[in-house]
file query.txt (compact mmCIF, C-alpha atoms)
# COMPACT_ATOMS: atom_id res chain seq x y z
CA MET A 1098 -5.91 18.65 7.32
CA THR A 1099 -5.39 19.42 10.94
CA ASN A 1100 -8.88 19.11 12.44
CA VAL A 1101 -11.39 16.30 12.77
CA LEU A 1102 -15.19 16.02 12.84
CA ILE A 1103 -16.45 13.00 14.75
CA ASP A 1104 -19.82 11.69 13.65
CA GLN A 1105 -22.51 10.91 16.22
CA ASN A 1106 -22.21 7.16 15.64
CA CYS A 1107 -18.62 7.10 16.91
CA LYS A 1108 -18.85 9.88 19.48
CA TRP A 1109 -17.00 7.65 21.96
CA LEU A 1110 -13.80 8.77 20.22
CA ALA A 1111 -14.22 12.19 21.82
CA ASN A 1112 -14.32 10.88 25.38
CA GLN A 1113 -11.37 11.40 27.69
CA GLU A 1114 -10.09 7.82 27.45
CA SER A 1115 -9.91 7.91 23.63
CA LYS A 1116 -8.57 11.42 23.12
CA LYS A 1117 -5.02 10.08 22.88
CA LEU A 1118 -6.03 8.55 19.53
CA LEU A 1119 -6.83 12.04 18.24
CA GLU A 1120 -3.84 13.97 19.57
CA ALA A 1121 -2.50 14.56 16.03
CA TYR A 1122 -5.47 16.85 15.34
CA ASP A 1123 -5.43 20.51 16.31
CA GLU A 1124 -9.17 20.81 16.92
CA ILE A 1125 -11.85 18.17 17.53
CA PHE A 1126 -15.44 18.83 16.48
CA VAL A 1127 -18.30 16.50 17.36
CA VAL A 1128 -21.64 16.11 15.60
CA GLY A 1129 -24.30 16.90 18.16
CA ASP A 1130 -22.09 19.46 19.90
CA ASP A 1131 -20.60 21.58 17.12
CA LEU A 1132 -23.07 20.66 14.37
CA LYS A 1133 -26.70 19.55 14.47
CA GLN A 1134 -27.06 15.81 14.92
CA ARG A 1135 -29.36 15.16 11.96
CA GLU A 1136 -27.44 17.05 9.27
CA TYR A 1137 -27.25 15.80 5.71
CA ASP A 1138 -23.96 14.39 4.47
CA GLU A 1139 -23.56 17.41 2.20
CA ASN A 1140 -23.66 19.72 5.25
CA LEU A 1141 -21.10 17.57 7.05
CA ALA A 1142 -18.86 17.77 3.98
CA THR A 1143 -19.26 21.55 3.80
CA PHE A 1144 -18.41 21.86 7.50
CA CYS A 1145 -15.32 19.69 6.99
CA MET A 1146 -14.17 21.71 3.99
CA ASP A 1147 -14.77 25.04 5.77
CA HIS A 1148 -12.92 23.92 8.91
CA CYS A 1149 -10.17 21.80 7.26
CA CYS A 1150 -11.49 18.62 8.89
CA GLU A 1151 -11.31 14.94 8.25
CA LEU A 1152 -14.58 13.11 8.94
CA LEU A 1153 -14.56 10.08 11.22
CA THR A 1154 -17.75 8.05 10.88
CA ALA A 1155 -18.91 4.47 11.28
CA ASP A 1156 -21.75 5.01 8.79
CA ASN A 1157 -21.04 2.80 5.80
CA ARG A 1158 -23.74 4.68 3.85
CA ALA A 1159 -22.13 8.10 4.33
CA TYR A 1160 -21.21 10.02 1.24
CA ILE A 1161 -17.44 10.01 1.31
CA HIS A 1162 -16.88 11.29 -2.24
CA PHE A 1163 -16.87 14.92 -1.07
call {"tool": "encode", "arguments": {"input": "query.txt", "output": "structure tokens"}}
result
Amino acid sequence: MTNVLIDQNCKWLANQESKKLLEAYDEIFVVGDDLKQREYDENLATFCMDHCCELLTADNRAYIHF
């Protein structure tokens, strides 16, 4: 996977100071900017599968089995 979707709860990863941590990814998507903020986990998973993304989230209740 070459892209990443950053969840709203760790959006700080997308700021300029932290972008160096994500330089291995080709494209960075952010919930709230590229996807509605209150999406269901299934929609986040579909977005990630459609866009070849890994999901970065701090939500320990997120469905990660997708």
call {"tool": "closest_residue", "arguments": {"input": "query.txt", "among": "A:Lys1117, A:Asn1112, A:Gln1105, A:Ala1142", "to": "Gly1129 (chain A)", "atoms": "all atoms listed in the file"}}
result
A:Gln1105
call {"tool": "atom_distance", "arguments": {"input": "query.txt", "atom1": "CA of Tyr1122 (chain A)", "atom2": "CA of Asn1140 (chain A)"}}
result
21.0 Å
call {"tool": "closest_residue", "arguments": {"input": "query.txt", "among": "A:Lys1108, A:Ala1121, A:Thr1154, A:Gln1113", "to": "Asp1138 (chain A)", "atoms": "only C-alpha atoms"}}
result
A:Thr1154
call {"tool": "closest_residue", "arguments": {"input": "query.txt", "among": "A:Leu1119, A:Ala1159, A:Glu1151, A:Ile1103", "to": "Asp1131 (chain A)", "atoms": "only C-alpha atoms"}}
result
A:Ile1103
call {"tool": "atom_distance", "arguments": {"input": "query.txt", "atom1": "CA of Glu1136 (chain A)", "atom2": "CA of Val1101 (chain A)"}}
result
16.4 Å
call {"tool": "atom_distance", "arguments": {"input": "query.txt", "atom1": "CA of Asp1147 (chain A)", "atom2": "CA of Val1127 (chain A)"}}
result
14.8 Å
call {"tool": "closest_residue", "arguments": {"input": "query.txt", "among": "A:Leu1132, A:Leu1118, A:Ile1125, A:Cys1107", "to": "Cys1150 (chain A)", "atoms": "all atoms listed in the file"}}
result
A:Ile1125
call {"tool": "closest_residue", "arguments": {"input": "query.txt", "among": "A:Ala1111, A:Asp1130, A:Arg1135, A:Cys1149", "to": "Thr1099 (chain A)", "atoms": "all atoms listed in the file"}}
result
A:Cys1149
call {"tool": "closest_residue", "arguments": {"input": "query.txt", "among": "A:Phe1126, A:Asp1104, A:Leu1110, A:Lys1116", "to": "His1148 (chain A)", "atoms": "all atoms listed in the file"}}
result
A:Phe1126
